[in-house]
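Each remark here refers to the structure printed beneath this line.
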There are 2 protein chains.
Amino acid sequence: MNMNGPLYHDDIEVGTTFTTGHYILTQEEIIGFASRYDPQPFHTDPEAARHTLFGGLAGSGWHTAAITMKLMVERGLELAGGMIGAGCELTWPVPTRPGDTLHVEGEVIEVTPLAPGRKRGLITMRSETKNQDGVVVQTLVAKLVVPRRPE
Amino acid sequence: MNMNGPLYHDDIEVGTTFTTGHYILTQEEIIGFASRYDPQPFHTDPEAARHTLFGGLAGSGWHTAAITMKLMVERGLELAGGMIGAGCELTWPVPTRPGDTLHVEGEVIEVTPLAPGRKRGLITMRSETKNQDGVVVQTLVAKLVVPRRPE
């Protein structure tokens with residue numbers, strides 16, 4: 001990986017990897033996020049959550065996705081123009097829990113050739129968000145828009 | 001659509017549709033969400049955003065996803081056991097902007113047959129999140145976990 005500043009599309013190679021820093025997910029934050037954006041008992045009420053599929057308070061998958069983004073913006077692929085997604089596929093194999101410490105490991109899995117005359121192109125990144133036990137709580141395959149290196 | 005309480009897997013038919021209420025997205029909320037989870041200039045700084053691909057402040061795609069979830073939890077498919085996603089595909093064809101009024105239109109596109117003896121099964125839902133001009137700002141295809149009707 002090029003450590004000499006942001007990467008342009010021309011610089012990126014399949015197999016480039018990254019590992020982010022860590023994020024501690026508190027019960028307070030799980031409830032706060034879910035109260036605003038995913039207000040369901042298994043995300044907002046520890047007692048009611050015990051009697052649901054989750055068997056206890058679990059973070060919203062959208063919260064996991066948002067934390068994953070924060071970790072990648074802070075220390076992921078340092079892309080020229082920023083980290084801009086055109087679309088993605090997500091899975092949430094197991095839920096996050098209060099007190100989890102999350103980090104993200106990622107890899108470039110495809111670099112779509114630049115079309116002639118276009119100022120930007122796509123790359124495909126795959127990432128796994130893991131908890132403190134190494135268990136994958138989210139997989140993400142995202143198409144990112146990356147500028148061509150200026151002439 | 002069954003209006004007599006939450007839907008079990010057995011009750012759900014392909015072609016069932018829903019339309020949510022509306023959500024007004026303020027510049028303050030765009031900046032607040034992004035400052036916490038997607039801290040990039042085009043999401044946090046209206047002036048700096050003018051000089052980026054977006055040409056002005058734009059909401060994070062993860063913020064659009066979170067708002068879409070809120071709208072669907074409040075008035076979407078009323079599923080027994082809640083709205084629980086196993087995974088999804090997302091696209092963000094155009095960004096959200098400060099002052100946008102968003103709503104979601106959705107449809108059940110697949111009901112995976114229940115496996116014998118299993119207490120729950122999957123359905124696939126497709127939704128579009130639209131702004132006040134009817135422009136699609138997000139598409140979502142999600143696999144949801146829905147309980148079988150108790151004996």
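By order of appearance in the structure tokens: chains A, B, ..., then residues from 1 within every chain, and ligands from 1 in the order shown.
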
Over all C-alpha pairs taken in sequence order, what does chain B look like after a least-squares fit onto chain A? Please give it as a tab-separated table (two decimals) with N, CA and C atoms, in the first residue's frame.
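Written file, part_14.tsv:
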```tsv
chain	number	residue	atom	x	y	z
B	1	MET	N	0.94	-1.17	-0.06
B	1	MET	CA	0.09	0.01	-0.05
B	1	MET	C	0.96	1.26	-0.04
B	2	ASN	N	0.60	2.20	-0.88
B	2	ASN	CA	1.31	3.46	-0.99
B	2	ASN	C	1.10	4.29	0.28
B	3	MET	N	2.16	4.57	0.98
B	3	MET	CA	2.02	5.33	2.22
B	3	MET	C	2.36	6.80	2.00
B	4	ASN	N	2.48	7.21	0.76
B	4	ASN	CA	2.89	8.58	0.45
B	4	ASN	C	1.71	9.45	0.04
B	5	GLY	N	0.63	9.38	0.78
B	5	GLY	CA	-0.50	10.25	0.50
B	5	GLY	C	-1.65	9.45	-0.09
B	6	PRO	N	-2.73	10.17	-0.38
B	6	PRO	CA	-3.96	9.51	-0.81
B	6	PRO	C	-3.78	8.74	-2.12
B	7	LEU	N	-4.52	7.67	-2.25
B	7	LEU	CA	-4.43	6.81	-3.42
B	7	LEU	C	-5.40	7.26	-4.50
B	8	TYR	N	-4.90	7.33	-5.71
B	8	TYR	CA	-5.75	7.51	-6.89
B	8	TYR	C	-6.08	6.13	-7.45
B	9	HIS	N	-7.08	6.10	-8.32
B	9	HIS	CA	-7.50	4.84	-8.92
B	9	HIS	C	-6.31	4.11	-9.55
B	10	ASP	N	-5.44	4.90	-10.22
B	10	ASP	CA	-4.26	4.33	-10.90
B	10	ASP	C	-3.32	3.60	-9.94
B	11	ASP	N	-3.36	3.99	-8.65
B	11	ASP	CA	-2.40	3.47	-7.68
B	11	ASP	C	-2.85	2.17	-7.02
B	12	ILE	N	-4.11	1.82	-7.17
B	12	ILE	CA	-4.69	0.79	-6.31
B	12	ILE	C	-4.57	-0.58	-6.95
B	13	GLU	N	-4.14	-1.55	-6.16
B	13	GLU	CA	-3.96	-2.91	-6.66
B	13	GLU	C	-4.84	-3.88	-5.88
B	14	VAL	N	-5.33	-4.87	-6.60
B	14	VAL	CA	-6.04	-5.96	-5.94
B	14	VAL	C	-5.11	-6.59	-4.91
B	15	GLY	N	-5.65	-6.85	-3.73
B	15	GLY	CA	-4.84	-7.46	-2.68
B	15	GLY	C	-4.35	-6.47	-1.66
B	16	THR	N	-4.50	-5.18	-1.93
B	16	THR	CA	-4.15	-4.17	-0.93
B	16	THR	C	-5.04	-4.37	0.30
B	17	THR	N	-4.44	-4.43	1.47
B	17	THR	CA	-5.20	-4.70	2.69
B	17	THR	C	-5.07	-3.54	3.67
B	18	PHE	N	-5.98	-3.52	4.64
B	18	PHE	CA	-5.88	-2.54	5.73
B	18	PHE	C	-6.51	-3.12	6.98
B	19	THR	N	-6.09	-2.59	8.11
B	19	THR	CA	-6.70	-2.91	9.40
B	19	THR	C	-6.91	-1.59	10.13
B	20	THR	N	-8.12	-1.40	10.63
B	20	THR	CA	-8.44	-0.13	11.30
B	20	THR	C	-8.06	-0.17	12.78
B	21	GLY	N	-8.29	0.94	13.45
B	21	GLY	CA	-8.23	0.97	14.90
B	21	GLY	C	-9.46	0.29	15.50
B	22	HIS	N	-9.66	0.50	16.80
B	22	HIS	CA	-10.71	-0.18	17.53
B	22	HIS	C	-11.78	0.80	18.02
B	23	TYR	N	-12.97	0.27	18.26
B	23	TYR	CA	-14.11	1.08	18.70
B	23	TYR	C	-14.84	0.29	19.79
B	24	ILE	N	-14.99	0.92	20.93
B	24	ILE	CA	-15.71	0.27	22.04
B	24	ILE	C	-17.17	0.70	21.99
B	25	LEU	N	-18.05	-0.30	21.92
B	25	LEU	CA	-19.49	-0.06	21.76
B	25	LEU	C	-20.16	-0.21	23.12
B	26	THR	N	-20.68	0.88	23.63
B	26	THR	CA	-21.32	0.84	24.95
B	26	THR	C	-22.82	0.56	24.82
B	27	GLN	N	-23.40	0.09	25.91
B	27	GLN	CA	-24.85	-0.10	25.94
B	27	GLN	C	-25.57	1.22	25.72
B	28	GLU	N	-25.05	2.27	26.30
B	28	GLU	CA	-25.66	3.60	26.14
B	28	GLU	C	-25.72	4.00	24.66
B	29	GLU	N	-24.63	3.73	23.93
B	29	GLU	CA	-24.62	4.13	22.52
B	29	GLU	C	-25.55	3.24	21.69
B	30	ILE	N	-25.58	1.94	22.00
B	30	ILE	CA	-26.51	1.04	21.30
B	30	ILE	C	-27.94	1.56	21.44
B	31	ILE	N	-28.32	1.89	22.67
B	31	ILE	CA	-29.69	2.35	22.92
B	31	ILE	C	-29.94	3.72	22.28
B	32	GLY	N	-28.94	4.58	22.34
B	32	GLY	CA	-29.09	5.92	21.77
B	32	GLY	C	-29.28	5.89	20.26
B	33	PHE	N	-28.44	5.12	19.57
B	33	PHE	CA	-28.55	5.02	18.12
B	33	PHE	C	-29.91	4.41	17.75
B	34	ALA	N	-30.25	3.32	18.41
B	34	ALA	CA	-31.47	2.60	18.04
B	34	ALA	C	-32.71	3.40	18.39
B	35	SER	N	-32.68	4.15	19.46
B	35	SER	CA	-33.85	4.96	19.82
B	35	SER	C	-34.16	5.94	18.71
B	36	ARG	N	-33.11	6.39	18.04
B	36	ARG	CA	-33.30	7.38	16.98
B	36	ARG	C	-33.59	6.73	15.63
B	37	TYR	N	-32.92	5.61	15.31
B	37	TYR	CA	-32.98	5.10	13.94
B	37	TYR	C	-33.51	3.66	13.80
B	38	ASP	N	-33.56	2.91	14.87
B	38	ASP	CA	-34.00	1.50	14.75
B	38	ASP	C	-34.69	1.10	16.05
B	39	PRO	N	-35.81	1.81	16.33
B	39	PRO	CA	-36.44	1.67	17.66
B	39	PRO	C	-37.23	0.38	17.82
B	40	GLN	N	-36.51	-0.70	18.07
B	40	GLN	CA	-37.13	-2.00	18.32
B	40	GLN	C	-36.60	-2.50	19.67
B	41	PRO	N	-37.44	-3.24	20.42
B	41	PRO	CA	-37.09	-3.58	21.82
B	41	PRO	C	-35.75	-4.28	21.98
B	42	PHE	N	-35.37	-5.12	21.00
B	42	PHE	CA	-34.09	-5.85	21.16
B	42	PHE	C	-32.88	-4.93	21.00
B	43	HIS	N	-33.13	-3.68	20.54
B	43	HIS	CA	-32.03	-2.71	20.43
B	43	HIS	C	-32.11	-1.60	21.48
B	44	THR	N	-33.25	-1.48	22.16
B	44	THR	CA	-33.45	-0.31	23.03
B	44	THR	C	-33.75	-0.67	24.49
B	45	ASP	N	-34.12	-1.92	24.76
B	45	ASP	CA	-34.61	-2.27	26.10
B	45	ASP	C	-33.97	-3.59	26.54
B	46	PRO	N	-32.94	-3.52	27.40
B	46	PRO	CA	-32.21	-4.74	27.78
B	46	PRO	C	-33.11	-5.83	28.34
B	47	GLU	N	-34.13	-5.45	29.11
B	47	GLU	CA	-35.00	-6.47	29.72
B	47	GLU	C	-35.91	-7.10	28.66
B	48	ALA	N	-36.55	-6.26	27.86
B	48	ALA	CA	-37.42	-6.79	26.81
B	48	ALA	C	-36.62	-7.62	25.80
B	49	ALA	N	-35.37	-7.23	25.57
B	49	ALA	CA	-34.53	-7.93	24.59
B	49	ALA	C	-34.29	-9.38	24.96
B	50	ARG	N	-34.34	-9.68	26.25
B	50	ARG	CA	-34.10	-11.06	26.70
B	50	ARG	C	-35.14	-12.02	26.13
B	51	HIS	N	-36.31	-11.50	25.83
B	51	HIS	CA	-37.40	-12.37	25.39
B	51	HIS	C	-37.56	-12.36	23.87
B	52	THR	N	-36.52	-11.92	23.16
B	52	THR	CA	-36.57	-11.88	21.70
B	52	THR	C	-35.58	-12.87	21.11
B	53	LEU	N	-35.57	-12.96	19.78
B	53	LEU	CA	-34.63	-13.80	19.06
B	53	LEU	C	-33.19	-13.58	19.52
B	54	PHE	N	-32.85	-12.34	19.91
B	54	PHE	CA	-31.47	-12.00	20.25
B	54	PHE	C	-31.08	-12.45	21.66
B	55	GLY	N	-32.08	-12.69	22.52
B	55	GLY	CA	-31.78	-13.16	23.88
B	55	GLY	C	-31.07	-12.13	24.74
B	56	GLY	N	-31.10	-10.88	24.34
B	56	GLY	CA	-30.44	-9.82	25.10
B	56	GLY	C	-30.19	-8.65	24.18
B	57	LEU	N	-29.79	-7.52	24.78
B	57	LEU	CA	-29.62	-6.31	23.97
B	57	LEU	C	-28.58	-6.53	22.86
B	58	ALA	N	-28.93	-6.11	21.65
B	58	ALA	CA	-28.04	-6.24	20.49
B	58	ALA	C	-28.01	-4.92	19.75
B	59	GLY	N	-26.89	-4.59	19.18
B	59	GLY	CA	-26.78	-3.36	18.40
B	59	GLY	C	-27.50	-3.50	17.07
B	60	SER	N	-28.06	-2.41	16.57
B	60	SER	CA	-28.64	-2.39	15.24
B	60	SER	C	-27.56	-2.68	14.19
B	61	GLY	N	-27.92	-3.43	13.18
B	61	GLY	CA	-26.97	-3.66	12.08
B	61	GLY	C	-26.54	-2.37	11.41
B	62	TRP	N	-27.45	-1.39	11.37
B	62	TRP	CA	-27.10	-0.09	10.76
B	62	TRP	C	-26.10	0.65	11.61
B	63	HIS	N	-26.15	0.40	12.92
B	63	HIS	CA	-25.17	0.98	13.83
B	63	HIS	C	-23.79	0.35	13.58
B	64	THR	N	-23.79	-0.97	13.41
B	64	THR	CA	-22.53	-1.66	13.08
B	64	THR	C	-21.95	-1.11	11.78
B	65	ALA	N	-22.82	-0.89	10.80
B	65	ALA	CA	-22.36	-0.34	9.52
B	65	ALA	C	-21.78	1.06	9.70
B	66	ALA	N	-22.43	1.87	10.51
B	66	ALA	CA	-21.97	3.25	10.73
B	66	ALA	C	-20.61	3.26	11.43
B	67	ILE	N	-20.46	2.40	12.44
B	67	ILE	CA	-19.18	2.31	13.16
B	67	ILE	C	-18.08	1.80	12.23
B	68	THR	N	-18.43	0.84	11.38
B	68	THR	CA	-17.47	0.33	10.40
B	68	THR	C	-16.98	1.46	9.51
B	69	MET	N	-17.90	2.32	9.08
B	69	MET	CA	-17.51	3.45	8.23
B	69	MET	C	-16.58	4.38	8.98
B	70	LYS	N	-16.92	4.69	10.23
B	70	LYS	CA	-16.07	5.58	11.02
B	70	LYS	C	-14.65	5.03	11.12
B	71	LEU	N	-14.56	3.76	11.43
B	71	LEU	CA	-13.23	3.14	11.56
B	71	LEU	C	-12.46	3.21	10.25
B	72	MET	N	-13.16	2.99	9.13
B	72	MET	CA	-12.47	2.99	7.84
B	72	MET	C	-12.08	4.40	7.40
B	73	VAL	N	-12.91	5.40	7.74
B	73	VAL	CA	-12.55	6.78	7.40
B	73	VAL	C	-11.31	7.20	8.20
B	74	GLU	N	-11.26	6.76	9.46
B	74	GLU	CA	-10.13	7.16	10.30
B	74	GLU	C	-8.84	6.44	9.91
B	75	ARG	N	-8.95	5.17	9.56
B	75	ARG	CA	-7.73	4.42	9.21
B	75	ARG	C	-8.10	3.23	8.34
B	76	GLY	N	-8.36	3.50	7.07
B	76	GLY	CA	-8.63	2.44	6.12
B	76	GLY	C	-7.82	2.69	4.87
B	77	LEU	N	-8.42	2.48	3.72
B	77	LEU	CA	-7.79	2.89	2.47
B	77	LEU	C	-7.81	4.41	2.41
B	78	GLU	N	-6.67	5.02	2.26
B	78	GLU	CA	-6.63	6.49	2.19
B	78	GLU	C	-6.81	6.89	0.73
B	79	LEU	N	-8.06	7.10	0.35
B	79	LEU	CA	-8.39	7.33	-1.05
B	79	LEU	C	-8.45	8.83	-1.36
B	80	ALA	N	-7.88	9.19	-2.50
B	80	ALA	CA	-8.02	10.57	-2.98
B	80	ALA	C	-9.51	10.85	-3.16
B	81	GLY	N	-9.96	11.97	-2.65
B	81	GLY	CA	-11.36	12.33	-2.80
B	81	GLY	C	-12.25	11.75	-1.73
B	82	GLY	N	-11.68	10.90	-0.85
B	82	GLY	CA	-12.47	10.35	0.25
B	82	GLY	C	-13.04	8.99	-0.06
B	83	MET	N	-13.79	8.48	0.90
B	83	MET	CA	-14.36	7.15	0.78
B	83	MET	C	-15.82	7.30	0.37
B	84	ILE	N	-16.10	7.10	-0.92
B	84	ILE	CA	-17.42	7.36	-1.47
B	84	ILE	C	-17.97	6.06	-2.06
B	85	GLY	N	-19.06	5.58	-1.47
B	85	GLY	CA	-19.63	4.31	-1.90
B	85	GLY	C	-20.75	4.52	-2.91
B	86	ALA	N	-20.74	3.69	-3.94
B	86	ALA	CA	-21.85	3.71	-4.91
B	86	ALA	C	-22.91	2.68	-4.53
B	87	GLY	N	-22.48	1.66	-3.83
B	87	GLY	CA	-23.40	0.62	-3.40
B	87	GLY	C	-22.64	-0.47	-2.68
B	88	CYS	N	-23.36	-1.39	-2.06
B	88	CYS	CA	-22.68	-2.42	-1.27
B	88	CYS	C	-23.60	-3.59	-0.97
B	89	GLU	N	-22.96	-4.66	-0.52
B	89	GLU	CA	-23.68	-5.80	0.05
B	89	GLU	C	-23.21	-5.98	1.48
B	90	LEU	N	-24.17	-6.23	2.36
B	90	LEU	CA	-23.89	-6.37	3.79
B	90	LEU	C	-24.45	-7.68	4.32
B	91	THR	N	-23.75	-8.30	5.24
B	91	THR	CA	-24.38	-9.34	6.06
B	91	THR	C	-24.01	-9.09	7.52
B	92	TRP	N	-24.89	-9.52	8.39
B	92	TRP	CA	-24.66	-9.42	9.83
B	92	TRP	C	-24.78	-10.82	10.43
B	93	PRO	N	-23.68	-11.58	10.41
B	93	PRO	CA	-23.76	-12.99	10.85
B	93	PRO	C	-24.14	-13.14	12.32
B	94	VAL	N	-23.61	-12.29	13.18
B	94	VAL	CA	-24.00	-12.30	14.60
B	94	VAL	C	-24.14	-10.84	15.04
B	95	PRO	N	-24.97	-10.59	16.05
B	95	PRO	CA	-25.16	-9.20	16.47
B	95	PRO	C	-23.99	-8.68	17.31
B	96	THR	N	-23.90	-7.35	17.37
B	96	THR	CA	-23.00	-6.73	18.34
B	96	THR	C	-23.69	-6.70	19.70
B	97	ARG	N	-22.86	-6.62	20.75
B	97	ARG	CA	-23.38	-6.62	22.13
B	97	ARG	C	-22.74	-5.47	22.90
B	98	PRO	N	-23.40	-5.02	23.97
B	98	PRO	CA	-22.81	-3.96	24.79
B	98	PRO	C	-21.42	-4.37	25.28
B	99	GLY	N	-20.48	-3.45	25.16
B	99	GLY	CA	-19.11	-3.72	25.60
B	99	GLY	C	-18.20	-4.29	24.52
B	100	ASP	N	-18.76	-4.63	23.37
B	100	ASP	CA	-17.92	-5.15	22.28
B	100	ASP	C	-16.85	-4.13	21.88
B	101	THR	N	-15.69	-4.64	21.53
B	101	THR	CA	-14.64	-3.83	20.91
B	101	THR	C	-14.50	-4.28	19.47
B	102	LEU	N	-14.80	-3.37	18.55
B	102	LEU	CA	-14.87	-3.71	17.13
B	102	LEU	C	-13.67	-3.15	16.37
B	103	HIS	N	-13.25	-3.88	15.35
B	103	HIS	CA	-12.31	-3.33	14.38
B	103	HIS	C	-12.65	-3.91	13.02
B	104	VAL	N	-12.03	-3.38	11.99
B	104	VAL	CA	-12.33	-3.77	10.62
B	104	VAL	C	-11.06	-4.20	9.90
B	105	GLU	N	-11.16	-5.30	9.19
B	105	GLU	CA	-10.07	-5.75	8.32
B	105	GLU	C	-10.61	-5.78	6.90
B	106	GLY	N	-9.86	-5.20	5.97
B	106	GLY	CA	-10.37	-5.08	4.61
B	106	GLY	C	-9.34	-5.35	3.55
B	107	GLU	N	-9.83	-5.52	2.33
B	107	GLU	CA	-8.97	-5.85	1.19
B	107	GLU	C	-9.63	-5.35	-0.10
B	108	VAL	N	-8.82	-4.87	-0.99
B	108	VAL	CA	-9.31	-4.54	-2.35
B	108	VAL	C	-9.41	-5.84	-3.12
B	109	ILE	N	-10.61	-6.15	-3.61
B	109	ILE	CA	-10.79	-7.42	-4.33
B	109	ILE	C	-10.97	-7.22	-5.83
B	110	GLU	N	-11.21	-6.00	-6.27
B	110	GLU	CA	-11.33	-5.77	-7.71
B	110	GLU	C	-11.01	-4.31	-8.01
B	111	VAL	N	-10.32	-4.09	-9.10
B	111	VAL	CA	-10.10	-2.73	-9.60
B	111	VAL	C	-10.68	-2.70	-11.01
B	112	THR	N	-11.81	-2.02	-11.17
B	112	THR	CA	-12.46	-1.96	-12.48
B	112	THR	C	-11.65	-1.04	-13.39
B	113	PRO	N	-11.25	-1.51	-14.58
B	113	PRO	CA	-10.42	-0.67	-15.44
B	113	PRO	C	-11.09	0.68	-15.72
B	114	LEU	N	-10.28	1.72	-15.73
B	114	LEU	CA	-10.79	3.05	-16.03
B	114	LEU	C	-11.27	3.12	-17.46
B	115	ALA	N	-12.45	3.69	-17.65
B	115	ALA	CA	-12.93	3.92	-19.02
B	115	ALA	C	-12.18	5.11	-19.60
B	116	PRO	N	-11.89	5.06	-20.91
B	116	PRO	CA	-11.14	6.16	-21.54
B	116	PRO	C	-11.84	7.50	-21.32
B	117	GLY	N	-11.08	8.49	-20.91
B	117	GLY	CA	-11.62	9.83	-20.76
B	117	GLY	C	-12.38	10.09	-19.48
B	118	ARG	N	-12.61	9.05	-18.67
B	118	ARG	CA	-13.35	9.26	-17.43
B	118	ARG	C	-12.41	9.73	-16.33
B	119	LYS	N	-12.93	10.59	-15.48
B	119	LYS	CA	-12.10	11.16	-14.42
B	119	LYS	C	-12.06	10.29	-13.16
B	120	ARG	N	-12.93	9.29	-13.14
B	120	ARG	CA	-12.94	8.42	-11.95
B	120	ARG	C	-13.38	7.02	-12.34
B	121	GLY	N	-13.10	6.08	-11.44
B	121	GLY	CA	-13.47	4.70	-11.69
B	121	GLY	C	-13.83	4.00	-10.40
B	122	LEU	N	-14.18	2.73	-10.51
B	122	LEU	CA	-14.63	1.98	-9.34
B	122	LEU	C	-13.56	0.99	-8.88
B	123	ILE	N	-13.54	0.78	-7.57
B	123	ILE	CA	-12.84	-0.37	-7.01
B	123	ILE	C	-13.84	-1.10	-6.12
B	124	THR	N	-13.57	-2.37	-5.86
B	124	THR	CA	-14.42	-3.14	-4.96
B	124	THR	C	-13.59	-3.56	-3.75
B	125	MET	N	-14.13	-3.27	-2.59
B	125	MET	CA	-13.46	-3.57	-1.33
B	125	MET	C	-14.31	-4.56	-0.54
B	126	ARG	N	-13.67	-5.52	0.08
B	126	ARG	CA	-14.39	-6.42	0.98
B	126	ARG	C	-13.84	-6.21	2.38
B	127	SER	N	-14.74	-6.10	3.35
B	127	SER	CA	-14.25	-5.93	4.73
B	127	SER	C	-15.04	-6.82	5.68
B	128	GLU	N	-14.37	-7.14	6.77
B	128	GLU	CA	-15.03	-7.85	7.88
B	128	GLU	C	-14.87	-6.99	9.13
B	129	THR	N	-15.98	-6.80	9.82
B	129	THR	CA	-15.95	-6.12	11.11
B	129	THR	C	-15.99	-7.21	12.18
B	130	LYS	N	-15.00	-7.19	13.06
B	130	LYS	CA	-14.87	-8.27	14.04
B	130	LYS	C	-14.96	-7.73	15.46
B	131	ASN	N	-15.46	-8.58	16.36
B	131	ASN	CA	-15.47	-8.20	17.77
B	131	ASN	C	-14.17	-8.67	18.45
B	132	GLN	N	-14.13	-8.49	19.75
B	132	GLN	CA	-12.90	-8.77	20.51
B	132	GLN	C	-12.53	-10.25	20.51
B	133	ASP	N	-13.45	-11.11	20.14
B	133	ASP	CA	-13.16	-12.54	20.04
B	133	ASP	C	-12.81	-12.96	18.62
B	134	GLY	N	-12.73	-11.99	17.73
B	134	GLY	CA	-12.43	-12.31	16.34
B	134	GLY	C	-13.64	-12.81	15.56
B	135	VAL	N	-14.81	-12.71	16.17
B	135	VAL	CA	-16.03	-13.16	15.50
B	135	VAL	C	-16.51	-12.06	14.55
B	136	VAL	N	-16.87	-12.45	13.35
B	136	VAL	CA	-17.31	-11.48	12.34
B	136	VAL	C	-18.75	-11.06	12.62
B	137	VAL	N	-18.95	-9.78	12.87
B	137	VAL	CA	-20.29	-9.24	13.12
B	137	VAL	C	-20.88	-8.58	11.87
B	138	GLN	N	-20.03	-8.29	10.90
B	138	GLN	CA	-20.51	-7.72	9.64
B	138	GLN	C	-19.53	-8.03	8.51
B	139	THR	N	-20.06	-8.42	7.37
B	139	THR	CA	-19.26	-8.41	6.15
B	139	THR	C	-19.81	-7.32	5.25
B	140	LEU	N	-18.92	-6.70	4.51
B	140	LEU	CA	-19.29	-5.61	3.62
B	140	LEU	C	-18.50	-5.77	2.33
B	141	VAL	N	-19.19	-5.75	1.20
B	141	VAL	CA	-18.53	-5.67	-0.10
B	141	VAL	C	-19.05	-4.39	-0.73
B	142	ALA	N	-18.15	-3.43	-0.93
B	142	ALA	CA	-18.57	-2.09	-1.36
B	142	ALA	C	-17.87	-1.68	-2.64
B	143	LYS	N	-18.65	-1.05	-3.52
B	143	LYS	CA	-18.06	-0.42	-4.71
B	143	LYS	C	-17.78	1.03	-4.37
B	144	LEU	N	-16.53	1.44	-4.52
B	144	LEU	CA	-16.11	2.79	-4.17
B	144	LEU	C	-15.70	3.56	-5.41
B	145	VAL	N	-16.02	4.85	-5.39
B	145	VAL	CA	-15.70	5.74	-6.51
B	145	VAL	C	-14.37	6.43	-6.20
B	146	VAL	N	-13.38	6.24	-7.09
B	146	VAL	CA	-12.04	6.79	-6.83
B	146	VAL	C	-11.56	7.58	-8.05
B	147	PRO	N	-11.06	8.80	-7.83
B	147	PRO	CA	-10.61	9.61	-8.96
B	147	PRO	C	-9.34	9.08	-9.62
B	148	ARG	N	-9.26	9.30	-10.92
B	148	ARG	CA	-8.05	9.06	-11.68
B	148	ARG	C	-6.99	10.09	-11.26
B	149	ARG	N	-5.72	9.68	-11.31
B	149	ARG	CA	-4.65	10.63	-10.99
B	149	ARG	C	-4.65	11.76	-12.02
B	150	PRO	N	-4.64	13.02	-11.54
B	150	PRO	CA	-4.65	14.14	-12.49
B	150	PRO	C	-3.41	14.08	-13.39
B	151	GLU	N	-3.59	14.54	-14.63
B	151	GLU	CA	-2.47	14.56	-15.59
B	151	GLU	C	-1.34	15.42	-15.03
```

ask   = Taking the backbone alone, and naming residues the way the document does, which bits of chain B are alpha helix (DSSP H) by DSSP, as a ChimeraX atom specification?
value = /B:27-37,41-44,46-49,61-75

*DSSP on the backbone: what in region 51-91 of chain A comes out strand (DSSP E or B), as JSON, numbers by chain?*
{"A": [79, 85, 86, 87, 88, 89, 90, 91]}
